[in-house]
2 protein chains.
Amino acid sequence: MNAPSDRPPLHPDLAEVLASRFGSRFSTSAAVRLHHGKDESTYPPMPPDAVVFAESTEEVAAAVALCHRFRTPVIAFGTGTSLEGHLLAVQGGVCIDLSAMNSVVAVRTEDLDATIQCGVTRKALNAALNGTGLFFPIDPGADASLGGMAATRASGTNAVRYGTMRENVLGMTVVLPDGRILKTGGRARKSAAGYDLTRLMVGSEGTLGIITELTVRLYPVPEAISSAVCAFPSLAAAVRTVIQTIQLGIPVARIELLDALAITAINRHSRTSLREAPTLFFEFHGSPSGVKEQAQTVQDIVTEQEGRDFEWATRPEDRSRLWQARHDAYYAGLGLKPGCRALTTDVCVPISRLADCVAETFTDLDAAAADLQGPLVGHVGDGNFHIMLLTDPEKPDDLARAKDFAARLARRAIRMDGTCTGEHGIGIGKQPYMSLEHGDVAIDLMRAIKHAIDPENILNPGKILPQQ
Amino acid sequence: MNAPSDRPPLHPDLAEVLASRFGSRFSTSAAVRLHHGKDESTYPPMPPDAVVFAESTEEVAAAVALCHRFRTPVIAFGTGTSLEGHLLAVQGGVCIDLSAMNSVVAVRTEDLDATIQCGVTRKALNAALNGTGLFFPIDPGADASLGGMAATRASGTNAVRYGTMRENVLGMTVVLPDGRILKTGGRARKSAAGYDLTRLMVGSEGTLGIITELTVRLYPVPEAISSAVCAFPSLAAAVRTVIQTIQLGIPVARIELLDALAITAINRHSRTSLREAPTLFFEFHGSPSGVKEQAQTVQDIVTEQEGRDFEWATRPEDRSRLWQARHDAYYAGLGLKPGCRALTTDVCVPISRLADCVAETFTDLDAAAADLQGPLVGHVGDGNFHIMLLTDPEKPDDLARAKDFAARLARRAIRMDGTCTGEHGIGIGKQPYMSLEHGDVAIDLMRAIKHAIDPENILNPGKILPQQ
């Protein structure tokens with residue numbers, strides 16, 4: 001990675017032509033650049049040299065084509081909520097802010113799909129769907145943009161039932177590194193027509209193209225929803241409950257694990273009074289009787305696994321309070337250690353290895369960094385869990401030890417047939433594990449694809465693929 | 001496409017080294033070559049120059065590396081049931097028969113996944129799963145190999161509930177054009193770690209790599225299954241029923257449309273006595289009461305759409321008979337015109353356009369080829385339908401008219417935001433529609449990817465990408 005001082009400044013001719021094309025929507029101000037040079041990771045900011053605020057696919061294409069002419073890096077920016085340094089301008093260049101591209105282009109209720117511009121956030125999309133009887137299920141912690149979520153292959157609490165961005169993007173408009181406009185996929189529910197360019201772009205983190213428009217799948221709002229929360233004597237008992245629930249084919253919509261420390265944090269932050277023990281949060285979607293039946297079956301499993309305090313929340317306000325508490329777990333965790341910064345891990349393993357992976361991880365945490373608190377929250381139906389390591393910015397050693405711990409966790413997950421990242425992406429933070437996870441042949445192939453599509457390495461350089 | 005006589009014969013040194021490596025599992029006999037040079041399409045056979053019967057990934061890699069050294073085309077062969085000429089040796093070369101790679105490597109009931117060699121067929125996999133409480137849902141008409149199904153991005157009647165091969169392959173072992181062995185994906189349910197090589201290989205029809213091993217998702221065998229069949233006054237009424245069913249979020253496992261002619265064919269072939277009218281076949285999976293409730297809701301919709309003769313089949317033997325009749329629709333269709341060959345179309349459109357697409361298609365058929373019978377069967381929950389055009393091999397004009405009709409249908413589907421192929425793939429048959437469906441930028445990108453991975457154009461040359 002080049003230090004910012006090692007690289008040439010923005011070419012004055014490029015600055016001039018961008019300024020002339022975009023007027024006040026082109027900025028080189030320090031404040032604007034700084035805002036676009038950081039995300040929610042623990043990396044220090046690395047601002048781009050300039051920021052363009054684009055309002056259409058054609059404008060993105062024009063900006064990219066100009067940058068291409070000057071061999072200048074281009075970084076797409078949605079809401080800035082990435083967690084692995086995805087949008088840091090490690091080689092400088094121009095950031096294209098896409099947040100103004102926030103139109104819902106079409107909602108097609110008969111086809112259960114919607115076309116939106118990339119800057120529409122998940123909450124904005126669901127607000128626009130209000131009254132249609134449909135919703136978009138994917139919910140990463142942040143209110144991220146759909147374009148950013150596709151670029152990161154994001155998911156969240158509903159993925160166990162509804163899939164991730166991989167399964168829910170039908171087609172996209174993408175600006176290629178030379179400024180050409182690509183259309184991928186379409187509106188058919190399935191197609192066997194050639195290489196799957198949609199899935200290639202999903203998860204490519206802005207390194208192969210800039211997603212400017214997406215057609216996504218929608219789902220009927222369930223007739224009935226119920227939620228429940230239940231404490232367990234051990235994390236292992238909670239995980240066994242999850243495995244049995246999935247094996248029985250219960251179409252649970254959400255099944256989230258929190259450890260005792262995460263519950264402590266939530267109790268303090270959200271003024272709840274949950275038992276401070278390993279806990280599962282459940283949500284069931286379906287018909288009224290279907291939901292009741294699913295919940296009854298799960299309750300039987302819970303009893304067998306010695307779960308306690310099984311509590312129902314069928315009233316919408318109780319449900320909202322419960323899930324709001326879950327969604328606030330990140331802020332609740334930060335509250336455990338005022339002034340701290342969180343380094344959040346993101347491994348995902350086959351569910352049969354989940355209990356082992358969690359147990360080894362806590363043993364490691366106790367041995368190596370017991371003073372670093374690390375509440376656990378997990379999308380356990382998928383085998384994905386996060387540990388939030390709370391580091392004191394005044395103690396540089398904290399961050400170093402947290403990173404070492406996270407590195408060991410990533411390697412442990414890969415050893416257990418899992419992945420170093422279930423939903424946050426690679427950015428710069430996870431590059432060290434790419435070869436270990438995928439093998440050198442796969443990395444070579446990814447490089448060959450990147451080179452074929454972006455031979456000048458203009459789009460978000462220095463991300464995903466480990467430095468050679 | 002080169003005529004076979006235009007191209008050089010197999011290099012004698014390559015033949016010698018393959019013969020020495022594979023012994024009796026290397027063949028240049030005319031009968032073996034002919035068997036490997038045709039599929040279930042209407043294309044005349046185009047045999048490869050030689051066939052290798054591989055028994056392991058390492059053997060496939062060795063054979064491919066040798067062919068690579070001699071710049072000789074390589075075509076993977078599973079069960080030979082492709083429908084668009086996928087495996088015709090249009091440029092000669094060596095066919096690698098993978099049918100002996102038929103081991104189930106591992107079934108992991110806790111993780112709901114299995115690893116199998118590429119030659120395992122879907123029925124063989126389900127037989128191996130017998131007693132585990134799990135099943136693999138994807139069911140194209142033929143008992144195809146899992147490797148071939150992944151290469152073609154196949155689906156079938158269950159896709160509306162369980163997805164296609166795109167959603168159900170977690171990871172693969174793939175031999176690259178130079179003989180290197182690639183591992184893609186893994187066993188984690190989701191991952192955000194880099195470019196999605198698994199999805200790139202799924203649907204690549206053997207042009208980017210040869211899939212030798214797959215890890216696939218499995219599902220719990222539903223506690224209860226029920227099936228129903230119902231006749232409608234019109235295709236449009238049947239389609240409205242489907243749209244309402246999907247919009248209500250009823251998790252129907254199968255919803256298949258057959259037109260009156262297809263029912264006539266089935267009645268004759270399977271000795272059923274179904275009303276000869278547009279008909280939906282339903283299947284519901286879930287708990288006993290859940291299945292009952294789903295079915296009741298659908299029955300209400302059916303009544304509203306003036307469906308008649310709603311018939312239940314809850315006993316396993318009745319259900320099997322019903323679905324066997326549906327699965328035999330292809331042979332039943334052939335029976336309408338003894339000695340005929342079928343050209344089967346495969347468009348898929350957004351469901352809101354399905355009724356229009358079907359209506360325009362039948363108007364076209366009546367006008368242009370009324371004497372060509374064309375029963376319709378469709379996976380209508382996905383908007384995918386097939387028309388089987390029955391052509392007389394003695395009348396060359398039949399096939400020409402059928403092809404013209406199929407071409408118009410493909411263009412009509414694309415005009416309606418759909419695809420020329422929902423599940424059969426491109427092969428050589430659908431190449432003329434690739435640019436129309438995807439646009440020139442997408443085709444350029446697909447070519448760039450093909451060139452980056454297979455610069456010598458060794459793997460299944462002449463497929464997917466239109467000839468330049």
# chains A, B, ... in the order shown; residues from 1 in each chain; ligands from 1

$ select_by_dssp --residues "range 17-248 of chain B" --states "helix (DSSP H, G or I)" --output "PyMOL selection string"
chain B and resi 17-25+30-35+57-69+122-129+146-152+159-162+165-168+197-201+235-247

$ closest_atom_pairs --of "chain A" --to "chain B" --cutoff "6 Å" --atoms "only C-alpha atoms" --output "CSV"
residue,atom,partner,partner_atom,distance
A:Glu110,CA,B:Ser352,CA,5.7
A:Asp111,CA,B:Ile351,CA,5.7
A:Arg153,CA,B:Ala192,CA,5.6
A:Leu182,CA,B:Val441,CA,5.7
A:Arg187,CA,B:Asp417,CA,5.8
A:Ala188,CA,B:Gly418,CA,4.9
A:Arg189,CA,B:Asp382,CA,5.6
A:Lys190,CA,B:Gly422,CA,5.6
A:Ser191,CA,B:Gly422,CA,4.2
A:Ala192,CA,B:Gly425,CA,4.6
A:Ala193,CA,B:Gly425,CA,5.6
A:Tyr195,CA,B:Ser204,CA,5.7
A:Asp196,CA,B:Leu200,CA,5.6
A:Leu200,CA,B:Asp196,CA,5.7
A:Ser204,CA,B:Tyr195,CA,5.7
A:Pro220,CA,B:Gly249,CA,5.3
A:Gly249,CA,B:Pro220,CA,5.3
A:Gly290,CA,B:Gly290,CA,5.8
A:Cys348,CA,B:Ala188,CA,6.0
A:Val349,CA,B:Ala188,CA,5.0
A:Pro350,CA,B:Ala188,CA,5.0
A:Ile351,CA,B:Asp111,CA,5.7
A:Ser352,CA,B:Glu110,CA,5.7
A:Asp382,CA,B:Arg189,CA,5.6
A:Asp417,CA,B:Arg187,CA,5.8
A:Gly418,CA,B:Ala188,CA,4.9
A:Thr421,CA,B:Ala192,CA,5.5
A:Gly422,CA,B:Ser191,CA,4.2
A:Glu423,CA,B:Ala192,CA,5.0
A:Gly425,CA,B:Ala192,CA,4.6
A:Ile426,CA,B:Ala193,CA,5.7
A:Val441,CA,B:Leu182,CA,5.7
A:Ala442,CA,B:Leu182,CA,5.9
A:Ala448,CA,B:Ala452,CA,5.9
A:Ala452,CA,B:Ala448,CA,5.9

$ closest_residue --among "A:Lys403, A:Arg161, A:His11, A:Arg308" --to "Arg69 in chain A" --atoms "only C-alpha atoms"
A:His11

$ closest_residue --among "A:Arg122, A:Arg275, A:His327, A:Arg33" --to "Ile75 in chain A" --atoms "only C-alpha atoms"
A:Arg33

$ residues_around --residues "Thr345 in chain A" --least-positions-apart "5" --cutoff "9 Å" --atoms "only C-alpha atoms" --output "number ranges by chain"
A: 385-389, 406, 409-410, 420-421, 424

$ closest_residue --among "B:Ala236, B:Ala142, B:Ala150, B:Val242" --to "Tyr330 in chain B" --atoms "only C-alpha atoms"
B:Ala142

$ atom_distance --atom1 "CA of Val169 in chain A" --atom2 "CA of Leu214 in chain A"
6.9 Å

$ residues_around --residues "Gly209 in chain A" --least-positions-apart "3" --cutoff "7 Å" --atoms "only C-alpha atoms" --output "PDB file with C-alpha atoms, in the first residue's frame"
ATOM      1  CA  VAL A 174     -22.688  -1.389 -13.870  1.00  0.00           C
ATOM      2  CA  VAL A 175     -20.161   1.163 -15.099  1.00  0.00           C
ATOM      3  CA  LEU A 176     -17.016  -0.612 -16.285  1.00  0.00           C
ATOM      4  CA  PRO A 177     -13.484   0.737 -15.733  1.00  0.00           C
ATOM      5  CA  GLY A 206     -16.074  -1.836  -6.608  1.00  0.00           C
ATOM      6  CA  LEU A 459     -11.266   0.605  -9.919  1.00  0.00           C
TER       7      LEU A 459
END

$ select_by_dssp --residues "range 202-363 of chain A" --states "strand (DSSP E or B)" --output "JSON, numbers by chain"
{"A": [210, 211, 212, 213, 214, 215, 216, 217, 219, 220, 224, 225, 226, 227, 228, 229, 230, 231, 254, 255, 256, 257, 258, 279, 280, 281, 282, 283, 284, 285, 286, 308, 309, 310, 311, 312, 313, 341, 342, 343, 344, 348]}

$ atom_distance --atom1 "CA of Leu280 in chain A" --atom2 "CA of Arg268 in chain A"
18.2 Å

$ residues_around --residues "Ala89 in chain A" --least-positions-apart "3" --cutoff "7 Å" --atoms "only C-alpha atoms" --output "PyMOL selection string"
chain A and resi 37+46-48+92-93

$ write_last_selection --atoms "C-alpha atoms" --output "mmCIF file, in the first residue's frame"
data_model
loop_
_atom_site.group_PDB
_atom_site.id
_atom_site.type_symbol
_atom_site.label_atom_id
_atom_site.label_comp_id
_atom_site.auth_asym_id
_atom_site.auth_seq_id
_atom_site.Cartn_x
_atom_site.Cartn_y
_atom_site.Cartn_z
ATOM 1 C CA GLY A 37 -11.801 8.588 3.169
ATOM 2 C CA MET A 46 -7.099 7.772 3.774
ATOM 3 C CA PRO A 47 -8.913 10.461 1.832
ATOM 4 C CA PRO A 48 -9.244 10.534 -1.936
ATOM 5 C CA GLY A 92 -5.514 8.291 -3.914
ATOM 6 C CA GLY A 93 -7.753 9.094 -6.835
#

$ decode --residues "range 137-176 of chain B" --atoms "N, CA and C atoms" --output "mmCIF file, in the first residue's frame"
data_model
loop_
_atom_site.group_PDB
_atom_site.id
_atom_site.type_symbol
_atom_site.label_atom_id
_atom_site.label_comp_id
_atom_site.auth_asym_id
_atom_site.auth_seq_id
_atom_site.Cartn_x
_atom_site.Cartn_y
_atom_site.Cartn_z
ATOM 1 N N PRO B 137 -33.150 -31.277 -4.019
ATOM 2 C CA PRO B 137 -34.420 -31.020 -4.702
ATOM 3 C C PRO B 137 -34.357 -30.828 -6.221
ATOM 4 N N ILE B 138 -33.193 -30.524 -6.772
ATOM 5 C CA ILE B 138 -33.216 -30.049 -8.150
ATOM 6 C C ILE B 138 -33.412 -31.205 -9.120
ATOM 7 N N ASP B 139 -34.414 -31.070 -9.996
ATOM 8 C CA ASP B 139 -34.847 -32.201 -10.812
ATOM 9 C C ASP B 139 -35.143 -31.813 -12.257
ATOM 10 N N PRO B 140 -34.088 -31.620 -13.063
ATOM 11 C CA PRO B 140 -34.373 -31.474 -14.488
ATOM 12 C C PRO B 140 -35.033 -32.753 -14.989
ATOM 13 N N GLY B 141 -35.623 -32.700 -16.171
ATOM 14 C CA GLY B 141 -36.340 -33.869 -16.679
ATOM 15 C C GLY B 141 -35.493 -35.128 -16.681
ATOM 16 N N ALA B 142 -34.277 -35.004 -17.173
ATOM 17 C CA ALA B 142 -33.411 -36.179 -17.270
ATOM 18 C C ALA B 142 -32.772 -36.487 -15.931
ATOM 19 N N ASP B 143 -32.300 -37.723 -15.782
ATOM 20 C CA ASP B 143 -31.506 -38.071 -14.595
ATOM 21 C C ASP B 143 -30.060 -37.678 -14.872
ATOM 22 N N ALA B 144 -29.839 -36.379 -14.918
ATOM 23 C CA ALA B 144 -28.544 -35.837 -15.318
ATOM 24 C C ALA B 144 -27.518 -35.975 -14.203
ATOM 25 N N SER B 145 -26.247 -35.791 -14.553
ATOM 26 C CA SER B 145 -25.182 -35.792 -13.552
ATOM 27 C C SER B 145 -25.152 -34.433 -12.862
ATOM 28 N N LEU B 146 -24.716 -34.429 -11.616
ATOM 29 C CA LEU B 146 -24.654 -33.163 -10.884
ATOM 30 C C LEU B 146 -23.652 -32.209 -11.522
ATOM 31 N N GLY B 147 -22.552 -32.742 -12.052
ATOM 32 C CA GLY B 147 -21.580 -31.886 -12.726
ATOM 33 C C GLY B 147 -22.194 -31.214 -13.943
ATOM 34 N N GLY B 148 -22.906 -32.004 -14.728
ATOM 35 C CA GLY B 148 -23.571 -31.444 -15.904
ATOM 36 C C GLY B 148 -24.651 -30.452 -15.524
ATOM 37 N N MET B 149 -25.386 -30.750 -14.466
ATOM 38 C CA MET B 149 -26.435 -29.834 -14.009
ATOM 39 C C MET B 149 -25.830 -28.497 -13.559
ATOM 40 N N ALA B 150 -24.698 -28.572 -12.865
ATOM 41 C CA ALA B 150 -24.049 -27.321 -12.454
ATOM 42 C C ALA B 150 -23.543 -26.571 -13.680
ATOM 43 N N ALA B 151 -22.941 -27.285 -14.613
ATOM 44 C CA ALA B 151 -22.375 -26.644 -15.805
ATOM 45 C C ALA B 151 -23.458 -25.960 -16.633
ATOM 46 N N THR B 152 -24.681 -26.489 -16.568
ATOM 47 C CA THR B 152 -25.785 -25.931 -17.364
ATOM 48 C C THR B 152 -26.675 -24.992 -16.548
ATOM 49 N N ARG B 153 -26.387 -24.835 -15.275
ATOM 50 C CA ARG B 153 -27.254 -24.056 -14.363
ATOM 51 C C ARG B 153 -28.693 -24.586 -14.442
ATOM 52 N N ALA B 154 -28.821 -25.884 -14.265
ATOM 53 C CA ALA B 154 -30.107 -26.567 -14.420
ATOM 54 C C ALA B 154 -31.052 -26.265 -13.269
ATOM 55 N N SER B 155 -32.335 -26.514 -13.492
ATOM 56 C CA SER B 155 -33.282 -26.428 -12.390
ATOM 57 C C SER B 155 -34.350 -27.495 -12.568
ATOM 58 N N GLY B 156 -35.625 -27.129 -12.632
ATOM 59 C CA GLY B 156 -36.662 -28.151 -12.722
ATOM 60 C C GLY B 156 -37.895 -27.710 -11.977
ATOM 61 N N THR B 157 -38.687 -28.686 -11.510
ATOM 62 C CA THR B 157 -39.988 -28.335 -10.954
ATOM 63 C C THR B 157 -39.929 -27.733 -9.556
ATOM 64 N N ASN B 158 -38.853 -27.982 -8.809
ATOM 65 C CA ASN B 158 -38.798 -27.503 -7.423
ATOM 66 C C ASN B 158 -38.167 -26.126 -7.272
ATOM 67 N N ALA B 159 -37.716 -25.519 -8.383
ATOM 68 C CA ALA B 159 -36.896 -24.306 -8.275
ATOM 69 C C ALA B 159 -37.648 -23.156 -7.624
ATOM 70 N N VAL B 160 -38.971 -23.117 -7.779
ATOM 71 C CA VAL B 160 -39.740 -22.011 -7.208
ATOM 72 C C VAL B 160 -39.563 -21.965 -5.688
ATOM 73 N N ARG B 161 -39.346 -23.104 -5.070
ATOM 74 C CA ARG B 161 -39.154 -23.150 -3.629
ATOM 75 C C ARG B 161 -37.680 -23.254 -3.232
ATOM 76 N N TYR B 162 -36.905 -24.071 -3.974
ATOM 77 C CA TYR B 162 -35.558 -24.428 -3.522
ATOM 78 C C TYR B 162 -34.441 -23.799 -4.362
ATOM 79 N N GLY B 163 -34.788 -23.035 -5.393
ATOM 80 C CA GLY B 163 -33.748 -22.425 -6.214
ATOM 81 C C GLY B 163 -33.213 -23.372 -7.272
ATOM 82 N N THR B 164 -32.225 -22.897 -8.004
ATOM 83 C CA THR B 164 -31.632 -23.665 -9.105
ATOM 84 C C THR B 164 -30.230 -24.121 -8.677
ATOM 85 N N MET B 165 -29.467 -24.657 -9.598
ATOM 86 C CA MET B 165 -28.088 -25.026 -9.266
ATOM 87 C C MET B 165 -27.298 -23.792 -8.830
ATOM 88 N N ARG B 166 -27.674 -22.629 -9.308
ATOM 89 C CA ARG B 166 -26.997 -21.385 -8.909
ATOM 90 C C ARG B 166 -27.017 -21.210 -7.396
ATOM 91 N N GLU B 167 -28.160 -21.484 -6.776
ATOM 92 C CA GLU B 167 -28.311 -21.265 -5.336
ATOM 93 C C GLU B 167 -27.835 -22.458 -4.519
ATOM 94 N N ASN B 168 -27.660 -23.609 -5.136
ATOM 95 C CA ASN B 168 -27.475 -24.821 -4.347
ATOM 96 C C ASN B 168 -26.099 -25.469 -4.420
ATOM 97 N N VAL B 169 -25.176 -24.838 -5.140
ATOM 98 C CA VAL B 169 -23.801 -25.324 -5.119
ATOM 99 C C VAL B 169 -23.015 -24.440 -4.158
ATOM 100 N N LEU B 170 -22.404 -25.045 -3.157
ATOM 101 C CA LEU B 170 -21.616 -24.260 -2.195
ATOM 102 C C LEU B 170 -20.165 -24.125 -2.640
ATOM 103 N N GLY B 171 -19.639 -25.155 -3.258
ATOM 104 C CA GLY B 171 -18.239 -25.116 -3.667
ATOM 105 C C GLY B 171 -17.968 -26.209 -4.679
ATOM 106 N N MET B 172 -16.848 -26.089 -5.377
ATOM 107 C CA MET B 172 -16.551 -27.051 -6.434
ATOM 108 C C MET B 172 -15.051 -27.278 -6.567
ATOM 109 N N THR B 173 -14.694 -28.413 -7.118
ATOM 110 C CA THR B 173 -13.347 -28.645 -7.633
ATOM 111 C C THR B 173 -13.463 -28.589 -9.148
ATOM 112 N N VAL B 174 -12.579 -27.830 -9.762
ATOM 113 C CA VAL B 174 -12.687 -27.567 -11.199
ATOM 114 C C VAL B 174 -11.301 -27.692 -11.822
ATOM 115 N N VAL B 175 -11.217 -28.409 -12.929
ATOM 116 C CA VAL B 175 -9.953 -28.473 -13.661
ATOM 117 C C VAL B 175 -9.940 -27.341 -14.680
ATOM 118 N N LEU B 176 -8.907 -26.517 -14.604
ATOM 119 C CA LEU B 176 -8.779 -25.369 -15.508
ATOM 120 C C LEU B 176 -8.172 -25.801 -16.845
#
